[in-house]
Structure formats: C-alpha cells, structure tokens
>>> print(open('model19.pdb').read())   # PDB, C-alpha atoms
ATOM      1  CA  MET A   1     -60.526  51.358 -36.626
ATOM      2  CA  LYS A   2     -59.439  48.110 -38.195
ATOM      3  CA  LYS A   3     -60.194  45.038 -36.108
ATOM      4  CA  LEU A   4     -57.587  42.347 -35.584
ATOM      5  CA  PRO A   5     -58.614  38.882 -36.800
ATOM      6  CA  ILE A   6     -59.982  36.587 -34.131
ATOM      7  CA  LEU A   7     -58.162  33.284 -33.798
ATOM      8  CA  SER A   8     -60.297  30.204 -34.193
ATOM      9  CA  TYR A   9     -60.310  27.676 -31.353
ATOM     10  CA  GLY A  10     -58.256  25.277 -33.462
ATOM     11  CA  VAL A  11     -55.547  27.805 -34.231
ATOM     12  CA  LEU A  12     -55.497  28.986 -30.619
ATOM     13  CA  ALA A  13     -55.007  25.424 -29.418
ATOM     14  CA  VAL A  14     -52.042  24.969 -31.759
ATOM     15  CA  VAL A  15     -50.471  28.219 -30.541
ATOM     16  CA  LEU A  16     -50.869  27.245 -26.885
ATOM     17  CA  ALA A  17     -49.463  23.771 -27.512
ATOM     18  CA  ALA A  18     -46.446  25.224 -29.297
ATOM     19  CA  GLY A  19     -45.909  27.633 -26.435
ATOM     20  CA  ALA A  20     -45.962  24.788 -23.923
ATOM     21  CA  PHE A  21     -43.507  22.789 -26.006
ATOM     22  CA  PHE A  22     -41.034  25.573 -26.757
ATOM     23  CA  GLY A  23     -41.632  27.780 -23.778
ATOM     24  CA  ARG A  24     -39.051  26.015 -21.678
ATOM     25  CA  GLY A  25     -36.325  27.056 -24.073
ATOM     26  CA  PHE A  26     -37.698  30.502 -24.862
ATOM     27  CA  PHE A  27     -38.478  31.704 -21.375
ATOM     28  CA  ARG A  28     -35.770  29.990 -19.358
ATOM     29  CA  GLY A  29     -32.992  30.460 -21.845
ATOM     30  CA  ALA A  30     -29.995  28.195 -22.307
ATOM     31  CA  MET A  31     -29.565  24.790 -20.697
ATOM     32  CA  THR A  32     -28.918  24.881 -16.961
ATOM     33  CA  ILE A  33     -26.671  22.638 -14.892
ATOM     34  CA  HIS A  34     -29.861  20.950 -13.603
ATOM     35  CA  ASP A  35     -30.877  20.018 -17.143
ATOM     36  CA  LEU A  36     -27.420  18.757 -17.991
ATOM     37  CA  LEU A  37     -26.996  16.518 -14.944
ATOM     38  CA  THR A  38     -30.513  15.102 -14.818
ATOM     39  CA  GLU A  39     -31.535  14.778 -18.467
ATOM     40  CA  ASN A  40     -28.465  14.441 -20.660
ATOM     41  CA  GLN A  41     -27.930  10.790 -21.573
ATOM     42  CA  GLN A  42     -24.669  11.550 -23.374
ATOM     43  CA  LEU A  43     -23.220  12.889 -20.128
ATOM     44  CA  LYS A  44     -24.313   9.776 -18.248
ATOM     45  CA  GLY A  45     -22.786   7.631 -20.967
ATOM     46  CA  ALA A  46     -19.508   9.514 -20.724
ATOM     47  CA  ILE A  47     -19.367   9.054 -16.946
ATOM     48  CA  THR A  48     -20.135   5.349 -17.332
ATOM     49  CA  ASN A  49     -17.203   5.088 -19.747
ATOM     50  CA  LEU A  50     -14.773   6.381 -17.130
ATOM     51  CA  THR A  51     -12.187   3.666 -16.708
ATOM     52  CA  THR A  52     -10.782   2.609 -13.353
ATOM     53  CA  GLU A  53      -7.960   4.983 -12.517
ATOM     54  CA  ASP A  54      -4.618   3.904 -11.117
ATOM     55  CA  GLN A  55      -1.436   5.919 -11.628
ATOM     56  CA  ILE A  56      -2.350   9.483 -12.569
ATOM     57  CA  GLY A  57       0.974  11.306 -12.393
ATOM     58  CA  TYR A  58       3.964  12.033 -10.207
ATOM     59  CA  ALA A  59       6.170  14.682  -8.641
ATOM     60  CA  LYS A  60       9.910  14.775  -8.172
ATOM     61  CA  VAL A  61      12.387  17.156  -6.592
ATOM     62  CA  VAL A  62      14.677  18.885  -9.065
ATOM     63  CA  GLY A  63      16.488  20.945  -6.460
ATOM     64  CA  GLN A  64      16.585  21.950  -2.789
ATOM     65  CA  ARG A  65      18.521  24.832  -1.283
ATOM     66  CA  THR A  66      18.771  26.746   1.983
ATOM     67  CA  GLU A  67      18.588  30.521   1.727
ATOM     68  CA  ALA A  68      20.764  32.930   3.751
ATOM     69  CA  ASP A  69      17.832  33.513   6.104
ATOM     70  CA  GLY A  70      17.616  29.787   6.850
ATOM     71  CA  ARG A  71      14.562  29.045   4.691
ATOM     72  CA  LEU A  72      14.571  25.731   2.862
ATOM     73  CA  LEU A  73      13.233  25.979  -0.686
ATOM     74  CA  THR A  74      12.136  22.945  -2.680
ATOM     75  CA  THR A  75      11.809  23.085  -6.450
ATOM     76  CA  LEU A  76       9.653  20.263  -7.765
ATOM     77  CA  GLN A  77       8.374  19.083 -11.103
ATOM     78  CA  PHE A  78       4.702  18.126 -11.184
ATOM     79  CA  VAL A  79       3.510  15.819 -13.979
ATOM     80  CA  GLU A  80       0.052  14.547 -14.851
ATOM     81  CA  THR A  81      -0.202  11.645 -17.286
ATOM     82  CA  SER A  82      -2.790  10.645 -19.867
ATOM     83  CA  ARG A  83      -5.726   8.380 -18.966
ATOM     84  CA  ASP A  84      -4.914   5.992 -21.795
ATOM     85  CA  ASP A  85      -1.107   6.176 -21.730
ATOM     86  CA  LYS A  86       0.761   6.513 -18.418
ATOM     87  CA  THR A  87       3.969   7.430 -20.220
ATOM     88  CA  ARG A  88       2.452  10.449 -21.991
ATOM     89  CA  ARG A  89       2.603  13.753 -20.123
ATOM     90  CA  ILE A  90      -0.427  15.986 -20.550
ATOM     91  CA  LEU A  91       0.476  18.525 -17.873
ATOM     92  CA  GLN A  92       3.910  19.492 -16.593
ATOM     93  CA  LYS A  93       4.671  22.368 -14.254
ATOM     94  CA  GLU A  94       7.531  23.421 -11.975
ATOM     95  CA  TYR A  95       7.098  25.049  -8.561
ATOM     96  CA  THR A  96       9.462  26.428  -5.953
ATOM     97  CA  ILE A  97       7.929  26.129  -2.483
ATOM     98  CA  GLU A  98       9.164  26.948   1.000
ATOM     99  CA  GLY A  99       9.854  23.850   3.092
ATOM    100  CA  ASP A 100      10.016  20.202   2.108
ATOM    101  CA  VAL A 101       6.578  18.997   3.259
ATOM    102  CA  ILE A 102       4.442  19.592   0.175
ATOM    103  CA  HIS A 103       0.641  19.396  -0.023
ATOM    104  CA  PHE A 104      -1.209  18.432  -3.200
ATOM    105  CA  ASP A 105      -4.871  19.459  -3.207
ATOM    106  CA  ALA A 106      -7.479  17.797  -5.445
ATOM    107  CA  LEU A 107     -11.250  17.947  -5.862
ATOM    108  CA  ILE A 108     -12.931  14.511  -5.939
ATOM    109  CA  VAL A 109     -16.314  13.934  -7.610
ATOM    110  CA  LYS A 110     -18.081  10.628  -6.816
ATOM    111  CA  PHE A 111     -21.150   9.527  -8.780
ATOM    112  CA  THR A 112     -24.178   7.522  -7.588
ATOM    113  CA  ASP A 113     -25.301   4.218  -9.112
ATOM    114  CA  GLU A 114     -28.169   6.032 -10.835
ATOM    115  CA  MET A 115     -25.757   8.313 -12.667
ATOM    116  CA  VAL A 116     -23.543   5.403 -13.748
ATOM    117  CA  MET A 117     -25.391   3.156 -16.158
ATOM    118  CA  ASP A 118     -23.608  -0.084 -15.259
ATOM    119  CA  GLY A 119     -23.867   0.497 -11.489
ATOM    120  CA  LYS A 120     -20.128   0.371 -10.864
ATOM    121  CA  ALA A 121     -18.315   2.965  -8.775
ATOM    122  CA  ARG A 122     -17.034   5.959 -10.714
ATOM    123  CA  ALA A 123     -15.130   9.044  -9.639
ATOM    124  CA  LEU A 124     -13.086  11.760 -11.246
ATOM    125  CA  TYR A 125     -10.681  14.277  -9.812
ATOM    126  CA  ILE A 126      -9.453  17.791 -10.557
ATOM    127  CA  TRP A 127      -6.065  19.001  -9.333
ATOM    128  CA  ARG A 128      -6.490  22.350  -7.602
ATOM    129  CA  ARG A 129      -3.241  23.592  -6.051
ATOM    130  CA  VAL A 130       0.087  22.768  -4.442
ATOM    131  CA  TYR A 131       1.571  24.437  -1.348
ATOM    132  CA  GLY A 132       4.042  23.932   1.502
ATOM    133  CA  GLU A 133       3.346  23.496   5.197
ATOM    134  CA  LYS A 134       4.355  27.106   5.839
ATOM    135  CA  THR A 135       1.869  28.429   3.278
ATOM    136  CA  ALA A 136      -1.892  28.905   3.695
ATOM    137  CA  PRO A 137      -3.854  26.706   1.233
ATOM    138  CA  GLN A 138      -5.508  29.715  -0.390
ATOM    139  CA  ASP A 139      -2.047  31.085  -1.169
ATOM    140  CA  GLY A 140      -0.918  27.917  -2.917
ATOM    141  CA  PHE A 141       0.035  27.641  -6.580
ATOM    142  CA  PRO A 142      -2.804  26.612  -8.941
ATOM    143  CA  ILE A 143      -2.414  23.405 -10.922
ATOM    144  CA  GLU A 144      -5.532  23.426 -13.111
ATOM    145  CA  THR A 145      -7.415  26.593 -14.082
ATOM    146  CA  PRO A 146     -10.424  26.951 -11.705
ATOM    147  CA  GLY A 147     -13.655  26.283 -13.588
ATOM    148  CA  GLY A 148     -11.823  25.088 -16.680
ATOM    149  CA  GLU A 149     -11.854  21.686 -18.353
ATOM    150  CA  PRO A 150      -9.043  19.521 -16.903
ATOM    151  CA  LYS A 151      -6.586  18.326 -19.531
ATOM    152  CA  ARG A 152      -6.909  14.734 -18.347
ATOM    153  CA  TYR A 153     -10.631  14.723 -19.199
ATOM    154  CA  ALA A 154     -10.459  16.725 -22.428
ATOM    155  CA  ASP A 155     -11.967  13.785 -24.362
ATOM    156  CA  LEU A 156     -14.474  12.669 -21.712
ATOM    157  CA  LEU A 157     -17.317  14.903 -22.854
ATOM    158  CA  GLU A 158     -16.276  15.212 -26.491
ATOM    159  CA  LEU A 159     -19.771  14.262 -27.724
ATOM    160  CA  LEU A 160     -21.330  17.186 -25.866
ATOM    161  CA  PRO A 161     -21.443  20.691 -27.371
ATOM    162  CA  ARG A 162     -18.747  23.015 -26.057
ATOM    163  CA  ALA A 163     -21.288  25.131 -24.145
ATOM    164  CA  GLN A 164     -22.481  22.062 -22.208
ATOM    165  CA  ARG A 165     -18.925  20.950 -21.461
ATOM    166  CA  ASP A 166     -18.072  24.391 -20.120
ATOM    167  CA  LEU A 167     -21.274  24.389 -18.054
ATOM    168  CA  PHE A 168     -20.381  21.067 -16.425
ATOM    169  CA  TRP A 169     -16.840  21.991 -15.429
ATOM    170  CA  THR A 170     -17.746  25.522 -14.316
ATOM    171  CA  HIS A 171     -20.490  24.420 -11.934
ATOM    172  CA  ILE A 172     -19.133  21.130 -10.600
ATOM    173  CA  TRP A 173     -17.344  22.774  -7.651
ATOM    174  CA  ASP A 174     -20.342  24.939  -6.689
ATOM    175  CA  LEU A 175     -22.441  21.823  -6.068
ATOM    176  CA  ALA A 176     -20.239  20.918  -3.101
ATOM    177  CA  HIS A 177     -22.119  23.549  -1.085
ATOM    178  CA  ASP A 178     -25.561  22.059  -1.804
ATOM    179  CA  PRO A 179     -25.845  18.475  -0.433
ATOM    180  CA  GLU A 180     -29.503  18.090  -1.443
ATOM    181  CA  ALA A 181     -28.704  18.992  -5.032
ATOM    182  CA  LEU A 182     -25.909  16.430  -5.130
ATOM    183  CA  ALA A 183     -28.249  13.467  -4.658
ATOM    184  CA  GLN A 184     -30.751  14.909  -7.104
ATOM    185  CA  TYR A 185     -28.079  15.254  -9.767
ATOM    186  CA  GLY A 186     -26.622  11.768  -9.291
ATOM    187  CA  ILE A 187     -23.475  12.934  -7.515
ATOM    188  CA  LYS A 188     -22.665  11.134  -4.285
ATOM    189  CA  ALA A 189     -20.130  13.662  -3.039
ATOM    190  CA  ILE A 190     -17.808  16.457  -4.021
ATOM    191  CA  TYR A 191     -14.998  17.046  -1.577
ATOM    192  CA  GLY A 192     -11.410  18.130  -1.272
ATOM    193  CA  ASN A 193      -8.667  15.554  -0.844
ATOM    194  CA  VAL A 194      -5.236  16.770   0.258
ATOM    195  CA  ILE A 195      -2.242  14.442   0.284
ATOM    196  CA  TYR A 196       1.172  15.491   1.461
ATOM    197  CA  SER A 197       4.642  14.081   1.793
ATOM    198  CA  GLN A 198       8.127  15.136   2.831
ATOM    199  CA  LEU A 199       9.915  15.391  -0.488
ATOM    200  CA  ARG A 200      13.522  14.337  -1.006
ATOM    201  CA  GLU A 201      15.808  14.268  -4.017
ATOM    202  CA  GLY A 202      16.327  10.833  -5.547
ATOM    203  CA  LEU A 203      12.693   9.750  -5.144
ATOM    204  CA  ILE A 204       9.648   9.932  -7.399
ATOM    205  CA  TYR A 205       6.282  10.475  -5.698
ATOM    206  CA  VAL A 206       3.630   8.617  -7.683
ATOM    207  CA  PHE A 207      -0.003   9.750  -7.399
ATOM    208  CA  LYS A 208      -2.700   7.081  -7.548
ATOM    209  CA  ILE A 209      -6.480   7.080  -7.284
ATOM    210  CA  GLY A 210      -8.993   4.264  -6.877
ATOM    211  CA  PRO A 211     -12.449   3.920  -8.509
ATOM    212  CA  THR A 212     -14.139   5.300  -5.390
ATOM    213  CA  GLY A 213     -12.011   8.439  -5.395
ATOM    214  CA  HIS A 214      -9.382   7.482  -2.803
ATOM    215  CA  LEU A 215      -6.277   9.530  -3.651
ATOM    216  CA  TYR A 216      -2.855   8.545  -2.292
ATOM    217  CA  VAL A 217       0.868   8.816  -3.016
ATOM    218  CA  GLU A 218       3.661   6.235  -3.149
ATOM    219  CA  ASP A 219       7.378   7.029  -3.306
ATOM    220  CA  VAL A 220       9.741   4.960  -5.460
ATOM    221  CA  PRO A 221      13.465   5.359  -6.221
ATOM    222  CA  ALA A 222      14.228   7.503  -9.260
ATOM    223  CA  MET A 223      15.653   5.535 -12.176
TER
END
>>> encode(input="model19.pdb", output="structure tokens")
Amino acid sequence: MKKLPILSYGVLAVVLAAGAFFGRGFFRGAMTIHDLLTENQQLKGAITNLTTEDQIGYAKVVGQRTEADGRLLTTLQFVETSRDDKTRRILQKEYTIEGDVIHFDALIVKFTDEMVMDGKARALYIWRRVYGEKTAPQDGFPIETPGGEPKRYADLLELLPRAQRDLFWTHIWDLAHDPEALAQYGIKAIYGNVIYSQLREGLIYVFKIGPTGHLYVEDVPAM
C-alpha cells in the first residue's frame, strides 16, 4: 500500500495559518449583516455623508366622492422627491382610500455617534404604507417594496457591491426586534413613525424630517 507523504512542520504551519486566515470566508460563507454593520468602512462613510433632510415629498387630494352606501373615498397622489433636488420626483403613486383621515407609515433608522464618523446626528427613513382610519395598518397600501432598496437612497451605498446593498436593506427592519444588536451595530433605534392628517382638496401636505428622525407634515395652499 502506497503511503501518503508526511507534511513537514513548516508546511503544516503554513497550511494551518492559511486555514485560519481564509477559514472565516470558507466555513461561514458570504458576508453577514453583522460583518457589514460592524466592519465595513464604506458603509460608515456613506452614512456619514447623509445630508440633513428637510422636505422629502408631499401628498395632495386629486378627488373625493361619497358612494351610494355613504362611504367617503379619497383619491390622493403621493410623491417622494430626490435628496438633492426637491423638484424632482423619484416616486409617484396614486391611492384611493376610504375616509379622509389618512395615515402615512414610515420606518425610521437612527445611527449612534460611533457609526457616524463626524459625530453628528444621522437618520434615514423608509416609507412603508398608507391607509385610512377605517383600515387596519396591515391592510394598508405599500409605498416602498418591503426589503428593497428605497429609491431615495439608491445612490447612498453605490460604492458597496450589490450583494452588500441588498443585505443591508433586507435586514434593517429585522434589527428592530433585537435591541442589544442595535447598539452593537451602531444603530440607536429602528422604529415606526406614523403621521396622519385630515386631507382636503386645495391643500398640499408636505412631508418633512429632521436629522434626528422626527417626521412631520405641514399643509400649504395648492398653487
């Protein structure tokens, strides 16, 4: 029977060292959300480059009618604007909702000072759904695709490979259920923020958000 060659101590040491160096990738597989949020400097740089938000979009009534059964239906146009140009629409949808008190539901992500390189407050948001006061939130109309990359932040992580960008957006909501992980990953909080208003024709309802993630709405006369 032919004997296999015996590795010398020097060769064995090289093999073990290579295994220790590459083993993380070989045995664990692709990058995890933990790796991305704790080790990726490009991600931290992108978050630091988030500019202070102000006006982020608006909604306006395009029609209201009362059905034969007495139900009031409100048809509204929802618009989200670009981060670098408030006149450019990046998302536009139309919804018909029962009632005139309309809820707009967003997910807010606030980052810690450690995650933001310059130490200033940073937050981002993701529109989730819109619904009326007579509708259960889970039955509302979706605004952004759950788990997808929001159109407003399409350029935020452009330096990251597509797989890492998808990983970030897919898992960001799941972290809301793990408070200990939030601090470890440099995220101060992930929470829902619902704003609502009684919508009327002739007004434009402007959505605004501050650097700490405070979301609110102001109504102004339509031009």
>>> resolve_selection(input="model19.pdb", expression="the PyMOL selection byres ((chain A and resi 72) around 6)", output="number ranges by chain")
A: 65-66, 71, 73, 98-99
>>> closest_residue(input="model19.pdb", among="A:Ala59, A:Val109, A:Val206, A:Ala183", to="Trp169 (chain A)", atoms="only C-alpha atoms")
A:Val109
>>> residues_around(input="model19.pdb", residues="His103 (chain A)", least_positions_apart="3", cutoff="8 Å", atoms="only C-alpha atoms", output="MDAnalysis selection string")
chainID A and resid 130:133 194:197
>>> resolve_selection(input="model19.pdb", expression="the PyMOL selection byres ((chain A and resi 210-223) around 7)", output="JSON, numbers by chain")
{"A": [52, 53, 54, 108, 110, 121, 122, 123, 124, 195, 202, 203, 204, 205, 206, 207, 208, 209]}
>>> atom_distance(input="model19.pdb", atom1="CA of Gln41 (chain A)", atom2="CA of Asp84 (chain A)")
23.5 Å
>>> resolve_selection(input="model19.pdb", expression="the PyMOL selection byres ((chain A and resi 129) around 7)", output="list of chain:residue names")
A:Phe104, A:Asp105, A:Trp127, A:Arg128, A:Val130, A:Tyr131, A:Gly140, A:Phe141, A:Pro142, A:Ile143
>>> atom_distance(input="model19.pdb", atom1="CA of Val61 (chain A)", atom2="CA of Glu144 (chain A)")
20.1 Å
>>> residues_near_point(input="model19.pdb", point="(-21.1, 12.4, -13.2)", cutoff="7 Å", atoms="all atoms listed in the file", output="PyMOL selection string")
chain A and resi 44+47+111+115+186-187
>>> closest_residue(input="model19.pdb", among="A:His171, A:Asp69, A:Val62, A:Lys151", to="Arg89 (chain A)", atoms="all atoms listed in the file")
A:Lys151
>>> axis_aligned_box(input="model19.pdb", around="region 72-85 of chain A", padding_each_side="8 Å", output="lines of an AutoDock Vina configuration file")
center_x = 4.4
center_y = 16.0
center_z = -9.5
size_x = 36.3
size_y = 36.0
size_z = 40.7
>>> residues_near_point(input="model19.pdb", point="(-28.8, 18.1, -16.6)", cutoff="12 Å", atoms="all atoms listed in the file", output="PDB file with C-alpha atoms, in the coordinates of the input")
ATOM      1  CA  ALA A  30     -29.995  28.195 -22.307  1.00  0.00           C
ATOM      2  CA  MET A  31     -29.565  24.790 -20.697  1.00  0.00           C
ATOM      3  CA  THR A  32     -28.918  24.881 -16.961  1.00  0.00           C
ATOM      4  CA  ILE A  33     -26.671  22.638 -14.892  1.00  0.00           C
ATOM      5  CA  HIS A  34     -29.861  20.950 -13.603  1.00  0.00           C
ATOM      6  CA  ASP A  35     -30.877  20.018 -17.143  1.00  0.00           C
ATOM      7  CA  LEU A  36     -27.420  18.757 -17.991  1.00  0.00           C
ATOM      8  CA  LEU A  37     -26.996  16.518 -14.944  1.00  0.00           C
ATOM      9  CA  THR A  38     -30.513  15.102 -14.818  1.00  0.00           C
ATOM     10  CA  GLU A  39     -31.535  14.778 -18.467  1.00  0.00           C
ATOM     11  CA  ASN A  40     -28.465  14.441 -20.660  1.00  0.00           C
ATOM     12  CA  GLN A  41     -27.930  10.790 -21.573  1.00  0.00           C
ATOM     13  CA  GLN A  42     -24.669  11.550 -23.374  1.00  0.00           C
ATOM     14  CA  LEU A  43     -23.220  12.889 -20.128  1.00  0.00           C
ATOM     15  CA  LYS A  44     -24.313   9.776 -18.248  1.00  0.00           C
ATOM     16  CA  MET A 115     -25.757   8.313 -12.667  1.00  0.00           C
ATOM     17  CA  LEU A 160     -21.330  17.186 -25.866  1.00  0.00           C
ATOM     18  CA  GLN A 164     -22.481  22.062 -22.208  1.00  0.00           C
ATOM     19  CA  ARG A 165     -18.925  20.950 -21.461  1.00  0.00           C
ATOM     20  CA  LEU A 167     -21.274  24.389 -18.054  1.00  0.00           C
ATOM     21  CA  PHE A 168     -20.381  21.067 -16.425  1.00  0.00           C
ATOM     22  CA  HIS A 171     -20.490  24.420 -11.934  1.00  0.00           C
ATOM     23  CA  ILE A 172     -19.133  21.130 -10.600  1.00  0.00           C
ATOM     24  CA  ALA A 181     -28.704  18.992  -5.032  1.00  0.00           C
ATOM     25  CA  LEU A 182     -25.909  16.430  -5.130  1.00  0.00           C
ATOM     26  CA  GLN A 184     -30.751  14.909  -7.104  1.00  0.00           C
ATOM     27  CA  TYR A 185     -28.079  15.254  -9.767  1.00  0.00           C
ATOM     28  CA  GLY A 186     -26.622  11.768  -9.291  1.00  0.00           C
ATOM     29  CA  ILE A 187     -23.475  12.934  -7.515  1.00  0.00           C
TER      30      ILE A 187
END
